[in-house]
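Student: Sharing a structure here in structure tokens format.
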Amino acid sequence: MSSSAKTAPYGSWKSPITSDLIVAQSISLSDVRLDGGQIYWLEGRPQEQGRSVVVRADADGRRIDVTPAPSNVRTRVHEYGGGAWTVWDGTIYFSNFADGRLYRQAPDGSAPRPLTPEPPARDRQWRFADGVIDQRRNRWIGVREDHSLGGEPVNAIVAVDLGGDREPGHVLARGHDFYASPRLSPDGTGSHGWRGITPTCRGTARCSTLPTSAPKACQLSRA
């Protein structure tokens, strides 16, 4: 067996091991959730053009893709995304990356049903993230980033009807530049907002919001 050596300038040698080869089968796992004794998680799949899929493991260990292709469970809220889906009683509620819409995926395997309207244009979407299910009022509560009018996006905490009226959401809290982690409490909802974000993240406010009203209290704290 013989081989011929090749001489090339530093940095120009071509390796047969490419970056595409390395990541082609490297599935990422994140956002583990429990619901009704079953485990759900999010898989990022490079071999499917980076599509993110909600996967469920049954009690017997079977792995089932819950969100079908071409759905891509991902959001661009605040640009870095996160919190693109939640599960309640076997039903998945997720943001689809292609159109920014919020969808409901029933456990019977039927096609995902949109809960919010189509955007006016691809670059003028409503983006949704960080959602929780308000079962008593039959609605999804979470962060909405509104790009529909162009210019600077408007952030808010909104409620989206799970009945499928396809409205972009009823505003529960607004007026801050940043919202994150809305969570339900026995007497209403809680949200965290940043007013006037600065490079050092100074000037933060924590607000309490009633289910059907504007914020009732904001406590301002400075770093």
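In the structure tokens, each chain is lettered A, B, ... as it comes, each chain's residues begin at 1, and ligands are numbered from 1 in order of appearance.
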I'd like to know which residues of stretch 1-179 of chain A are strand (DSSP E or B) (by DSSP, run on the backbone); could you write them as a PyMOL selection string?
Tutor: chain A and resi 28-35+38-45+51-57+63-65+73+85-88+91-96+102-105+113-114+126-134+139-146+154-161+170-174+178-179
Student: Can you list, as a PyMOL selection string, every protein, DNA or RNA residue that comes within 12 Å of A:Ala121 when you count only C-alpha atoms, leaving out same-chain residues fewer than 6 positions away?
Tutor: chain A and resi 98-100+147-150
Student: Per residue of stretch 55-114 of chain A within 8 Å of stretch 30-44 of chain A, record the nearest atom pair and its distance in Å to one decimal, counting only C-alpha atoms, with rows in chain order and ascending residue number, as CSV.
Tutor:
residue,atom,partner,partner_atom,distance
A:Val55,CA,A:Trp41,CA,5.5
A:Arg56,CA,A:Tyr40,CA,4.4
A:Ala57,CA,A:Ile39,CA,5.4
A:Asp58,CA,A:Gln38,CA,5.6
A:Ala59,CA,A:Gln38,CA,6.5
A:Val87,CA,A:Asp35,CA,6.9
A:Trp88,CA,A:Asp35,CA,6.6
A:Asp89,CA,A:Asp35,CA,6.5
A:Gly90,CA,A:Asp35,CA,6.8
Student: For atom CA of A:Asp177 and atom CA of A:Ile133, determine how far apart the two atoms are, in Å to one decimal place.
Tutor: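 So the answer is 23.6 Å.
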Student: So, counting only C-alpha atoms, which residue among A:Asp146, A:Asp108, A:Asp123, A:Glu167 is closest to A:Val66?
Tutor: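 Looking at the shortest contact to A:Val66, the residue is A:Asp108.
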Student: Pick from A:Gly163, A:Pro107, A:Pro153, A:Pro117: nearest to A:Arg76, with only C-alpha atoms counted?
Tutor: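 Of all the options, A:Pro153 lies closest to A:Arg76.
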Student: Measuring between only C-alpha atoms, which one of A:Thr67, A:Ser4, A:Thr116, A:Gln47 shows the shortest distance to A:Val158?
Tutor: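 The shortest atom-to-atom distance to A:Val158 comes from A:Thr116.
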Student: Interatomic distance between atom CA of A:Pro168 and atom CA of A:Phe94?
Tutor: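 Taking atom CA of A:Pro168 as the start and atom CA of A:Phe94 as the end point, the length is 14.2 Å.
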